[in-house]
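Reading through the structure tokens given below for one structure.
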Amino acid sequence: MSLPCGIRNHSYAQDMAIVRTRTQWGLLLGLLVVIFTAPLYLSGYWMGVFNTIGITLIAAIGLNILIGYCGQLSIGHAGFIAVGAYTSAILTTRFGLPFPVALISAGIMAGLVGIVFGLPSIRVKGFYLAITTIAAQFIIMWIINQWGWTGGQLGMTVPFASVGGYVFRSGASQFYLIIGITVVCVFLAKNLARTKVGRAFIAIRDNDLAAEVMGVNLLYYKLLAFFIGCFFAGIAGSLFAHYNVSLTPEQFSFRDSILYVGIIIIGGLGTSIGPIFGVLFIRLLQQVLTINVVPFLENSLTMFPSGFASGVTPMLFGLVIVLFLILEPRGLAHRWALFKASYRLWPFSY
Amino acid sequence: MKKQLKRILKITGWALVGVIAGLVIYLCVVSADFLQFTITGISVGMVYALIALGFVLIWKSSSVANLALGQIVLISSWFTYSMMAQADLPFYLALPVVILFAIFLGWVIERFALRPLIAQPILSLIAVTLGIGYFIEGIITFVWPTSVAALPHIFPQEVVRIGPAVISQEYLWVVGICLVVFVLLTVFFRYHRMGIAMRATADDQMAVQACGIPVTRVFSTSWMFACVVAAIGGILISSIGGITHGLVETGLKSFSVVILGGLDSFVGAIVAGPIIGLMENLGGGYLTRYTWAGVRDIIPFVVIIIVMAIKPFGLFGEERIERI
């Protein structure tokens, strides 16, 4: 870890601490205060935007653990999110289970489905695994489309989240629920990367044969990565279901799976701050495009057939993903690290 | 011991193939439905094989996994639609224009997206094709916002009777054209300088570079060929089923052909294509009664999972042994 000028570590605990200096503590507390007072000065619309960002972030963190840390490529993340969303919806509507139980079971269910489709990862990797997870996405979505309990194409309505009689109906309460869980998830993911498990993941990513020779149990850790990654996806799905209140299969398309991969690439693979940057970048870009750019294009360029401007968003997303891969493959997180490094010694030049 | 086991497995495998083939032929003779499913299955499977060949071409020469295949199929079908329905070109003029377009598309993708990423990790190479696919999907919505269209008829419409079955003539044309393209590609790879260079690059990139063959041009050519082959596949399949967004899924389905046949095998793709087509059509024809609707579209994906579990490198694929 890079420390500011003149600060030394005197114990192992100090060396391992995430937050080291007083300035960092100040910044962290300031950030938390800003986040948790946001409902006071944000409009309902922007709170909705940040709720979506929070949910996407949880899913992206999961995918980052899977791809960024463990190197197991998954292009079916939207399918695993759908598993979580529908599990939670079915548990609360059909079995009347309370929301916290449904939330956790959604995560576990998605994790188990992830393990099933992650089984081929023991023998194959790279493109083979990508294809397997694409197949997983289509099989999961087929089952959701056809199974009676999920409401098929028509979708299903889901109650608002509620804990002990309190219903998260207002914008502010939903914001606290979602952002609160997001903060916990970010913290968990940050810590996971520093534990034995996280180091095993990184060893597998860098060279799985070498990791195996060093005594990392490949079967266990690869499936664990799938479980954890899809567990986060399931949590995100459950929150999405209870936030959005209505669920249809179209909300979990193959395009979204690609977008999640794009998000963590733009943010920076295998960094804890990367998914945050990536999600903010993509979701804010999406907001600007759908709210400002697309209607503007529709109105000003009338010679084209109607509906053409909705192609701008995927075009730009695709372009951004390609450009990031070519120009900055380490993502925004790397830029951020460079920025921090250049200010570490500031104002001294040495 | 292991050798013997392998031999036994091989013999039982071939016996199984023979039994299944015999059964298929027997059922074709007995049941008209079955014959119909078989012929449509084989012809659709041929198109899958064609699209899959496009994938194998790129994978062999530059080990890039092209996940934008479905979108390339879709955009070339739409372009054909523009040429034939909107610009009113006859088919024999539209086809060269579409092929030129596909060549251009392949060149642009290789030159501007893949060339800067030579020697990058496989994750970047896969993700960049995903990004390209996303971009092409955007272009398609931008230029052709109507999501469904029917291609003008290319092939004669009269039905053909084969024994008890009644079959639309289009399917037979599709099979014929696919066979012609296969033969052309084989001849190209065997006798043309560029074809030989491409095979050599697939074999050993370093050695080829040392011989003075321009590897980047080989990559570029393989992308052009792949796009042309995918475009022909797109025209054939959309002349039967019309142009919908489902063509992207068709492209993804052809990955099951690639996986079943082996990633780096032309023969594999050509053999596995009809197998997947048959499974899809027969499964769709006979299983829909017992399971949920749309089982037809999911069969190729189930095949992928099964092949991954049993024989991940496919029927004809080369098993790579890794060393640290």
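In the structure tokens, the first chain shown is A, the next is B, and so on; residue numbers restart at 1 for each chain, and ligands run from 1 in the order shown.
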Please check the contacts: residues of chain B at most 8 Å away from chain A, using only C-alpha atoms, listed as an mmCIF file with C-alpha atoms, in the first residue's frame.
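Result went into out04.cif, see below:
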data_model
loop_
_atom_site.group_PDB
_atom_site.id
_atom_site.type_symbol
_atom_site.label_atom_id
_atom_site.label_comp_id
_atom_site.auth_asym_id
_atom_site.auth_seq_id
_atom_site.Cartn_x
_atom_site.Cartn_y
_atom_site.Cartn_z
ATOM 1 C CA ALA B 65 -12.825 -15.633 -29.885
ATOM 2 C CA ALA B 113 -10.291 -2.985 -32.747
ATOM 3 C CA PRO B 116 -4.098 -2.728 -31.285
ATOM 4 C CA LEU B 117 -4.840 -5.665 -28.993
ATOM 5 C CA ILE B 122 -7.654 -13.595 -23.739
ATOM 6 C CA LEU B 123 -10.045 -11.714 -21.484
ATOM 7 C CA SER B 124 -9.423 -8.463 -23.370
ATOM 8 C CA ILE B 126 -13.158 -11.687 -25.697
ATOM 9 C CA ALA B 127 -14.378 -8.460 -24.128
ATOM 10 C CA VAL B 128 -13.435 -6.395 -27.162
ATOM 11 C CA LEU B 130 -18.416 -8.205 -26.945
ATOM 12 C CA GLY B 131 -17.988 -4.439 -27.184
ATOM 13 C CA ILE B 132 -17.984 -4.631 -30.980
ATOM 14 C CA GLY B 133 -21.172 -6.664 -30.848
ATOM 15 C CA TYR B 134 -22.802 -4.062 -28.634
ATOM 16 C CA PHE B 135 -21.676 -1.322 -31.006
ATOM 17 C CA ILE B 136 -23.032 -3.133 -34.066
ATOM 18 C CA GLU B 137 -26.340 -3.684 -32.292
ATOM 19 C CA GLY B 138 -26.503 0.063 -31.730
ATOM 20 C CA ILE B 139 -25.807 0.722 -35.401
ATOM 21 C CA ILE B 140 -28.557 -1.707 -36.376
ATOM 22 C CA THR B 141 -31.101 0.070 -34.173
ATOM 23 C CA PHE B 142 -29.825 3.392 -35.498
ATOM 24 C CA VAL B 143 -30.128 2.564 -39.180
ATOM 25 C CA TRP B 144 -32.985 0.053 -39.192
ATOM 26 C CA PRO B 145 -35.237 0.924 -36.241
ATOM 27 C CA PHE B 255 -21.123 -21.495 -30.875
ATOM 28 C CA ILE B 259 -17.905 -26.293 -29.158
ATOM 29 C CA TRP B 292 -42.363 -26.043 -22.071
ATOM 30 C CA ALA B 293 -42.613 -24.095 -25.287
ATOM 31 C CA GLY B 294 -39.454 -22.835 -26.926
ATOM 32 C CA ILE B 298 -32.598 -23.922 -25.825
ATOM 33 C CA PHE B 301 -27.253 -24.240 -25.214
ATOM 34 C CA VAL B 302 -27.940 -27.456 -23.333
ATOM 35 C CA ILE B 304 -22.903 -26.664 -24.872
ATOM 36 C CA ILE B 305 -23.226 -27.472 -21.162
ATOM 37 C CA MET B 308 -18.364 -28.932 -21.530
ATOM 38 C CA ALA B 309 -18.987 -31.516 -18.863
ATOM 39 C CA PRO B 312 -14.696 -29.862 -23.468
ATOM 40 C CA ARG B 323 2.883 -26.072 -19.043
ATOM 41 C CA ILE B 324 3.880 -23.648 -16.391
#
Near Gln174 (chain A), within 10 Å and counting only C-alpha atoms, which residues show up once chain neighbours fewer than 3 positions away are dropped, as a PDB file with C-alpha atoms, in the first residue's frame?
ATOM      1  CA  MET A  47     -32.463   9.171  -5.536  1.00  0.00           C
ATOM      2  CA  GLY A  48     -33.916   6.685  -8.011  1.00  0.00           C
ATOM      3  CA  ASN A  51     -30.697   3.374  -6.090  1.00  0.00           C
ATOM      4  CA  PHE A 160     -42.023  -3.596  -1.215  1.00  0.00           C
ATOM      5  CA  ALA A 161     -39.259  -4.660   1.117  1.00  0.00           C
ATOM      6  CA  VAL A 167     -42.353  -1.092   4.822  1.00  0.00           C
ATOM      7  CA  PHE A 168     -39.677   0.523   2.657  1.00  0.00           C
ATOM      8  CA  ARG A 169     -42.096   2.438   0.474  1.00  0.00           C
ATOM      9  CA  SER A 170     -40.854   6.024   0.408  1.00  0.00           C
ATOM     10  CA  GLY A 171     -37.917   7.056  -1.753  1.00  0.00           C
ATOM     11  CA  LEU A 177     -31.879   0.267   2.494  1.00  0.00           C
ATOM     12  CA  ILE A 178     -30.121  -0.092  -0.855  1.00  0.00           C
ATOM     13  CA  ILE A 179     -27.185   2.185  -0.179  1.00  0.00           C
ATOM     14  CA  GLY A 180     -26.723   0.678   3.274  1.00  0.00           C
ATOM     15  CA  LEU A 239     -33.003  -5.656  -3.994  1.00  0.00           C
ATOM     16  CA  HIS A 242     -38.283  -5.276  -4.114  1.00  0.00           C
ATOM     17  CA  TYR A 243     -37.255  -1.853  -5.353  1.00  0.00           C
TER      18      TYR A 243
END
Original post:
So how far away is CA of Thr250 (chain B) from CA of Gly273 (chain B), in Å?
Top reply: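 Taking CA of Gly273 (chain B) and CA of Thr250 (chain B), their separation equals 12.1 Å.
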Original post:
Just how far from CA of Lys311 (chain B) is CA of Tyr220 (chain A), in Å to one decimal?
Top reply: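 About the pair CA of Tyr220 (chain A) and CA of Lys311 (chain B): they are 21.4 Å apart.
Between Gly285 (chain B) and the residues B:Cys211, B:Ile237, B:Leu89, B:Leu35, the shortest atom-to-atom distance, using only C-alpha atoms, involves B:Leu35.
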Original post:
Contacts of region 169-177 of chain B at 8 Å or less, counting only C-alpha atoms, minus same-chain residues fewer than 6 places along, as a list in words?
Top reply: Ile39, Thr40, Ile42, Ser43, Val44, Met46, Val47, Phe155, Pro156, Gln157, Glu158, Val159, Val160, Leu236 and Ile240 of chain B
Residues from the last selection, N, CA and C atoms, saved as a PDB file, in the first residue's frame:
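Generated file (result.pdb):
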ATOM      1  N   ILE B  39     -34.806 -32.981 -42.799  1.00  0.00           N
ATOM      2  CA  ILE B  39     -34.289 -32.154 -43.892  1.00  0.00           C
ATOM      3  C   ILE B  39     -34.165 -30.696 -43.467  1.00  0.00           C
ATOM      4  N   THR B  40     -35.190 -30.158 -42.794  1.00  0.00           N
ATOM      5  CA  THR B  40     -35.058 -28.777 -42.324  1.00  0.00           C
ATOM      6  C   THR B  40     -33.907 -28.673 -41.329  1.00  0.00           C
ATOM      7  N   ILE B  42     -31.166 -30.492 -41.128  1.00  0.00           N
ATOM      8  CA  ILE B  42     -29.852 -30.538 -41.771  1.00  0.00           C
ATOM      9  C   ILE B  42     -29.570 -29.219 -42.469  1.00  0.00           C
ATOM     10  N   SER B  43     -30.590 -28.633 -43.128  1.00  0.00           N
ATOM     11  CA  SER B  43     -30.284 -27.413 -43.875  1.00  0.00           C
ATOM     12  C   SER B  43     -30.018 -26.249 -42.927  1.00  0.00           C
ATOM     13  N   VAL B  44     -30.796 -26.149 -41.836  1.00  0.00           N
ATOM     14  CA  VAL B  44     -30.497 -25.089 -40.868  1.00  0.00           C
ATOM     15  C   VAL B  44     -29.130 -25.340 -40.238  1.00  0.00           C
ATOM     16  N   MET B  46     -26.615 -26.734 -41.613  1.00  0.00           N
ATOM     17  CA  MET B  46     -25.572 -26.332 -42.559  1.00  0.00           C
ATOM     18  C   MET B  46     -25.270 -24.850 -42.411  1.00  0.00           C
ATOM     19  N   VAL B  47     -26.335 -24.050 -42.246  1.00  0.00           N
ATOM     20  CA  VAL B  47     -26.105 -22.620 -42.069  1.00  0.00           C
ATOM     21  C   VAL B  47     -25.335 -22.361 -40.785  1.00  0.00           C
ATOM     22  N   PHE B 155     -35.086 -17.560 -53.528  1.00  0.00           N
ATOM     23  CA  PHE B 155     -35.181 -18.876 -54.150  1.00  0.00           C
ATOM     24  C   PHE B 155     -36.600 -19.119 -54.631  1.00  0.00           C
ATOM     25  N   PRO B 156     -36.786 -19.976 -55.635  1.00  0.00           N
ATOM     26  CA  PRO B 156     -38.138 -20.286 -56.091  1.00  0.00           C
ATOM     27  C   PRO B 156     -38.981 -20.882 -54.973  1.00  0.00           C
ATOM     28  N   GLN B 157     -40.273 -20.656 -55.069  1.00  0.00           N
ATOM     29  CA  GLN B 157     -41.141 -20.944 -53.934  1.00  0.00           C
ATOM     30  C   GLN B 157     -41.836 -22.298 -53.996  1.00  0.00           C
ATOM     31  N   GLU B 158     -41.822 -22.967 -55.181  1.00  0.00           N
ATOM     32  CA  GLU B 158     -42.606 -24.203 -55.283  1.00  0.00           C
ATOM     33  C   GLU B 158     -42.120 -25.236 -54.279  1.00  0.00           C
ATOM     34  N   VAL B 159     -43.052 -26.009 -53.758  1.00  0.00           N
ATOM     35  CA  VAL B 159     -42.669 -27.034 -52.797  1.00  0.00           C
ATOM     36  C   VAL B 159     -42.171 -28.263 -53.550  1.00  0.00           C
ATOM     37  N   VAL B 160     -41.371 -29.044 -52.843  1.00  0.00           N
ATOM     38  CA  VAL B 160     -40.811 -30.254 -53.430  1.00  0.00           C
ATOM     39  C   VAL B 160     -41.324 -31.433 -52.611  1.00  0.00           C
ATOM     40  N   LEU B 236     -28.832 -16.626 -46.046  1.00  0.00           N
ATOM     41  CA  LEU B 236     -29.554 -17.890 -46.197  1.00  0.00           C
ATOM     42  C   LEU B 236     -30.599 -18.056 -45.115  1.00  0.00           C
ATOM     43  N   ILE B 240     -35.106 -17.677 -45.140  1.00  0.00           N
ATOM     44  CA  ILE B 240     -36.101 -18.643 -44.671  1.00  0.00           C
ATOM     45  C   ILE B 240     -36.963 -18.032 -43.575  1.00  0.00           C
TER      46      ILE B 240
END
Could you list, as a PDB file with C-alpha atoms, in the first residue's frame, every residue within 12 Å of Arg199 (chain A), counting only C-alpha atoms and ignoring same-chain residues fewer than 5 positions away?
ATOM      1  CA  ILE A  65     -14.637 -10.954  -7.645  1.00  0.00           C
ATOM      2  CA  TYR A  69      -9.850 -11.459  -8.833  1.00  0.00           C
ATOM      3  CA  CYS A  70     -10.377 -15.072  -9.787  1.00  0.00           C
ATOM      4  CA  ASN A 191     -11.795  -7.180   2.851  1.00  0.00           C
ATOM      5  CA  LEU A 192     -12.210 -10.384   0.890  1.00  0.00           C
ATOM      6  CA  ALA A 193      -9.403  -9.386  -1.432  1.00  0.00           C
ATOM      7  CA  ARG A 194      -6.960  -9.252   1.499  1.00  0.00           C
ATOM      8  CA  ILE A 204      -5.647 -18.723  -9.676  1.00  0.00           C
ATOM      9  CA  ARG A 205      -6.168 -15.727 -11.948  1.00  0.00           C
ATOM     10  CA  ASP A 206      -2.470 -15.244 -12.577  1.00  0.00           C
ATOM     11  CA  ALA A 211      -1.500 -22.027  -7.962  1.00  0.00           C
ATOM     12  CA  VAL A 216      -4.346 -23.963  -3.724  1.00  0.00           C
ATOM     13  CA  TYR A 221     -11.641 -21.938  -4.759  1.00  0.00           C
ATOM     14  CA  ALA A 225     -15.484 -17.662  -6.523  1.00  0.00           C
ATOM     15  CA  GLY A 270      -9.277  -6.706  -9.904  1.00  0.00           C
TER      16      GLY A 270
END
Original post:
Using only C-alpha atoms, which residues sit within 8 Å of Leu53 (chain B) once same-chain residues fewer than 4 positions away are excluded, as a ChimeraX atom specification?
Top reply: /B:49,57,226,229,266,269-270
Would you write out those residues with N, CA and C atoms, as a PDB file, in the first residue's frame?
ATOM      1  N   ALA B  49     -23.274 -24.341 -39.477  1.00  0.00           N
ATOM      2  CA  ALA B  49     -21.900 -24.758 -39.744  1.00  0.00           C
ATOM      3  C   ALA B  49     -21.154 -23.660 -40.483  1.00  0.00           C
ATOM      4  N   LEU B  57     -12.293 -19.928 -38.429  1.00  0.00           N
ATOM      5  CA  LEU B  57     -11.282 -19.235 -39.227  1.00  0.00           C
ATOM      6  C   LEU B  57     -10.474 -18.264 -38.375  1.00  0.00           C
ATOM      7  N   ALA B 226     -14.198 -14.467 -42.562  1.00  0.00           N
ATOM      8  CA  ALA B 226     -15.196 -14.832 -41.558  1.00  0.00           C
ATOM      9  C   ALA B 226     -16.455 -14.006 -41.739  1.00  0.00           C
ATOM     10  N   VAL B 229     -18.379 -15.201 -44.837  1.00  0.00           N
ATOM     11  CA  VAL B 229     -19.064 -16.469 -44.580  1.00  0.00           C
ATOM     12  C   VAL B 229     -20.274 -16.247 -43.683  1.00  0.00           C
ATOM     13  N   PHE B 266     -12.061 -27.320 -38.862  1.00  0.00           N
ATOM     14  CA  PHE B 266     -13.034 -27.055 -39.923  1.00  0.00           C
ATOM     15  C   PHE B 266     -13.972 -28.243 -40.084  1.00  0.00           C
ATOM     16  N   ALA B 269     -16.586 -28.352 -37.466  1.00  0.00           N
ATOM     17  CA  ALA B 269     -17.715 -27.436 -37.649  1.00  0.00           C
ATOM     18  C   ALA B 269     -18.686 -27.991 -38.684  1.00  0.00           C
ATOM     19  N   ILE B 270     -18.138 -28.548 -39.777  1.00  0.00           N
ATOM     20  CA  ILE B 270     -19.014 -29.019 -40.845  1.00  0.00           C
ATOM     21  C   ILE B 270     -19.808 -30.238 -40.391  1.00  0.00           C
TER      22      ILE B 270
END
**OP:** Go through A:Ser74, A:Thr52, A:Thr23, A:Thr248 and flag the residue nearest Tyr86 (chain A), using only C-alpha atoms for the distances.
**Re:**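 Closest residue, counting only C-alpha atoms: A:Thr248.
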**OP:** Using only C-alpha atoms, determine which residues lie at most 8 Å from Trp223 (chain B), disregarding the query and same-chain residues fewer than 5 positions distant; provide the list as a VMD selection string.
**Re:** chain B and resid 57 to 58 106 to 107 109 to 110
Put those residues in a file: N, CA and C atoms, as a PDB file, in the first residue's frame.
ATOM      1  N   LEU B  57     -12.293 -19.928 -38.429  1.00  0.00           N
ATOM      2  CA  LEU B  57     -11.282 -19.235 -39.227  1.00  0.00           C
ATOM      3  C   LEU B  57     -10.474 -18.264 -38.375  1.00  0.00           C
ATOM      4  N   ILE B  58     -11.206 -17.416 -37.642  1.00  0.00           N
ATOM      5  CA  ILE B  58     -10.534 -16.391 -36.843  1.00  0.00           C
ATOM      6  C   ILE B  58      -9.791 -17.021 -35.683  1.00  0.00           C
ATOM      7  N   GLY B 106     -15.226  -6.686 -42.000  1.00  0.00           N
ATOM      8  CA  GLY B 106     -14.153  -7.477 -41.415  1.00  0.00           C
ATOM      9  C   GLY B 106     -12.871  -6.683 -41.312  1.00  0.00           C
ATOM     10  N   TRP B 107     -12.575  -5.932 -42.370  1.00  0.00           N
ATOM     11  CA  TRP B 107     -11.339  -5.148 -42.362  1.00  0.00           C
ATOM     12  C   TRP B 107     -11.379  -4.112 -41.256  1.00  0.00           C
ATOM     13  N   ILE B 109     -13.150  -4.044 -38.468  1.00  0.00           N
ATOM     14  CA  ILE B 109     -13.083  -4.617 -37.120  1.00  0.00           C
ATOM     15  C   ILE B 109     -11.654  -5.020 -36.795  1.00  0.00           C
ATOM     16  N   GLU B 110     -11.012  -5.687 -37.766  1.00  0.00           N
ATOM     17  CA  GLU B 110      -9.656  -6.169 -37.479  1.00  0.00           C
ATOM     18  C   GLU B 110      -8.695  -5.000 -37.302  1.00  0.00           C
TER      19      GLU B 110
END
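Proximity to region 195-210 of chain B at 6 Å, evaluated using only C-alpha atoms and with sequence-adjacent residues fewer than 6 positions away removed, yields Lys60, Ser61, Phe188, Phe189 and Val218 of chain B.
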Given the selection you just returned, output its residues as a file containing C-alpha atoms, formatted as a short mmCIF file (atom, residue, chain, number, x, y, z; two decimals), in the first residue's frame.
data_model
loop_
_atom_site.label_atom_id
_atom_site.label_comp_id
_atom_site.auth_asym_id
_atom_site.auth_seq_id
_atom_site.Cartn_x
_atom_site.Cartn_y
_atom_site.Cartn_z
CA LYS B 60 -7.34 -20.72 -35.84
CA SER B 61 -5.37 -17.88 -37.35
CA PHE B 188 -8.93 -21.90 -51.26
CA PHE B 189 -7.17 -23.27 -48.22
CA VAL B 218 -3.27 -12.95 -42.55
#
**OP:** Tell me, in Å to one decimal, how far CA of Gly107 (chain A) is from CA of Ile235 (chain A).
**Re:**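 A separation of 4.9 Å between them.
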**OP:** Mind listing the helix (DSSP H, G or I) residues of region 65-232 of chain B, per DSSP on the backbone, as a PyMOL selection string?
**Re:** chain B and resi 69-86+91-117+122-143+169-191+193-203+205-210+215-232
So that I have them on file, write out the residues from the current selection with C-alpha atoms, as a short mmCIF file (atom, residue, chain, number, x, y, z; two decimals), in the first residue's frame.
data_model
loop_
_atom_site.label_atom_id
_atom_site.label_comp_id
_atom_site.auth_asym_id
_atom_site.auth_seq_id
_atom_site.Cartn_x
_atom_site.Cartn_y
_atom_site.Cartn_z
CA LEU B 69 -20.68 -13.23 -34.67
CA GLY B 70 -24.44 -12.98 -34.11
CA GLN B 71 -24.39 -9.24 -34.62
CA ILE B 72 -22.31 -9.58 -37.78
CA VAL B 73 -24.89 -12.04 -39.12
CA LEU B 74 -27.69 -9.64 -38.21
CA ILE B 75 -26.12 -6.52 -39.72
CA SER B 76 -25.31 -8.26 -42.99
CA SER B 77 -28.88 -9.57 -43.21
CA TRP B 78 -30.17 -6.04 -42.69
CA PHE B 79 -27.76 -4.74 -45.30
CA THR B 80 -29.04 -7.34 -47.75
CA TYR B 81 -32.56 -6.22 -46.94
CA SER B 82 -31.60 -2.62 -47.70
CA MET B 83 -30.00 -3.60 -50.98
CA MET B 84 -32.82 -5.84 -52.14
CA ALA B 85 -35.98 -4.29 -50.73
CA GLN B 86 -35.07 -0.64 -50.43
CA PHE B 91 -30.17 -10.76 -56.13
CA TYR B 92 -27.24 -11.30 -58.48
CA LEU B 93 -26.26 -7.63 -58.06
CA ALA B 94 -27.07 -7.43 -54.35
CA LEU B 95 -24.90 -10.42 -53.45
CA PRO B 96 -21.57 -8.88 -54.59
CA VAL B 97 -22.46 -5.64 -52.83
CA VAL B 98 -23.20 -7.50 -49.61
CA ILE B 99 -19.96 -9.45 -49.92
CA LEU B 100 -18.03 -6.22 -50.42
CA PHE B 101 -19.77 -4.80 -47.37
CA ALA B 102 -18.83 -7.87 -45.33
CA ILE B 103 -15.21 -7.62 -46.46
CA PHE B 104 -15.18 -3.98 -45.45
CA LEU B 105 -16.76 -4.81 -42.09
CA GLY B 106 -14.15 -7.48 -41.42
CA TRP B 107 -11.34 -5.15 -42.36
CA VAL B 108 -12.61 -2.34 -40.13
CA ILE B 109 -13.08 -4.62 -37.12
CA GLU B 110 -9.66 -6.17 -37.48
CA ARG B 111 -7.81 -2.98 -38.25
CA PHE B 112 -9.28 -0.71 -35.60
CA ALA B 113 -10.29 -2.99 -32.75
CA LEU B 114 -8.21 -6.16 -32.88
CA ARG B 115 -4.89 -4.96 -34.29
CA PRO B 116 -4.10 -2.73 -31.28
CA LEU B 117 -4.84 -5.67 -28.99
CA ILE B 122 -7.65 -13.59 -23.74
CA LEU B 123 -10.05 -11.71 -21.48
CA SER B 124 -9.42 -8.46 -23.37
CA LEU B 125 -9.81 -10.20 -26.71
CA ILE B 126 -13.16 -11.69 -25.70
CA ALA B 127 -14.38 -8.46 -24.13
CA VAL B 128 -13.43 -6.40 -27.16
CA THR B 129 -15.56 -8.56 -29.43
CA LEU B 130 -18.42 -8.21 -26.94
CA GLY B 131 -17.99 -4.44 -27.18
CA ILE B 132 -17.98 -4.63 -30.98
CA GLY B 133 -21.17 -6.66 -30.85
CA TYR B 134 -22.80 -4.06 -28.63
CA PHE B 135 -21.68 -1.32 -31.01
CA ILE B 136 -23.03 -3.13 -34.07
CA GLU B 137 -26.34 -3.68 -32.29
CA GLY B 138 -26.50 0.06 -31.73
CA ILE B 139 -25.81 0.72 -35.40
CA ILE B 140 -28.56 -1.71 -36.38
CA THR B 141 -31.10 0.07 -34.17
CA PHE B 142 -29.82 3.39 -35.50
CA VAL B 143 -30.13 2.56 -39.18
CA GLN B 169 -37.57 -25.67 -51.95
CA GLU B 170 -35.60 -23.03 -50.04
CA TYR B 171 -34.16 -25.65 -47.70
CA LEU B 172 -32.63 -27.61 -50.56
CA TRP B 173 -31.12 -24.46 -52.05
CA VAL B 174 -29.63 -23.61 -48.67
CA VAL B 175 -28.00 -27.03 -48.44
CA GLY B 176 -26.64 -26.67 -51.97
CA ILE B 177 -25.19 -23.23 -51.41
CA CYS B 178 -23.61 -24.26 -48.13
CA LEU B 179 -21.94 -27.22 -49.82
CA VAL B 180 -20.64 -24.96 -52.59
CA VAL B 181 -19.18 -22.54 -50.03
CA PHE B 182 -17.56 -25.42 -48.13
CA VAL B 183 -15.94 -26.68 -51.32
CA LEU B 184 -14.77 -23.20 -52.29
CA LEU B 185 -13.22 -22.65 -48.88
CA THR B 186 -11.50 -26.03 -48.96
CA VAL B 187 -10.05 -25.32 -52.40
CA PHE B 188 -8.93 -21.90 -51.26
CA PHE B 189 -7.17 -23.27 -48.22
CA ARG B 190 -5.53 -26.03 -50.16
CA TYR B 191 -4.26 -24.21 -53.24
CA ARG B 193 -1.13 -18.77 -51.42
CA MET B 194 -3.10 -16.84 -48.83
CA GLY B 195 -4.98 -19.95 -47.78
CA ILE B 196 -1.72 -21.81 -47.27
CA ALA B 197 -0.34 -18.82 -45.34
CA MET B 198 -3.42 -18.85 -43.12
CA ARG B 199 -3.03 -22.53 -42.36
CA ALA B 200 0.61 -21.99 -41.61
CA THR B 201 -0.19 -19.11 -39.26
CA ALA B 202 -2.64 -21.29 -37.43
CA ASP B 203 0.05 -23.90 -37.04
CA GLN B 205 2.79 -18.04 -35.69
CA MET B 206 6.45 -17.51 -34.80
CA ALA B 207 7.74 -19.70 -37.60
CA VAL B 208 5.47 -17.99 -40.09
CA GLN B 209 6.73 -14.60 -39.04
CA ALA B 210 10.29 -15.81 -39.41
CA VAL B 215 0.93 -12.08 -40.10
CA THR B 216 -1.20 -8.97 -39.69
CA ARG B 217 -2.41 -9.34 -43.27
CA VAL B 218 -3.27 -12.95 -42.55
CA PHE B 219 -5.33 -11.86 -39.55
CA SER B 220 -7.04 -9.21 -41.61
CA THR B 221 -7.86 -11.69 -44.38
CA SER B 222 -9.23 -14.20 -41.93
CA TRP B 223 -11.57 -11.57 -40.48
CA MET B 224 -12.74 -10.63 -43.97
CA PHE B 225 -13.39 -14.27 -44.83
CA ALA B 226 -15.20 -14.83 -41.56
CA CYS B 227 -17.46 -11.86 -42.16
CA VAL B 228 -18.22 -12.95 -45.72
CA VAL B 229 -19.06 -16.47 -44.58
CA ALA B 230 -21.21 -15.11 -41.76
CA ALA B 231 -22.95 -12.77 -44.20
CA ILE B 232 -23.79 -15.63 -46.55
#
**OP:** Taking the chain letters and numbering used in this document, name the residues of region 28-196 of chain A that DSSP puts in strand (DSSP E), as a PyMOL selection string.
**Re:** chain A and resi 156-157+162-163+166-167
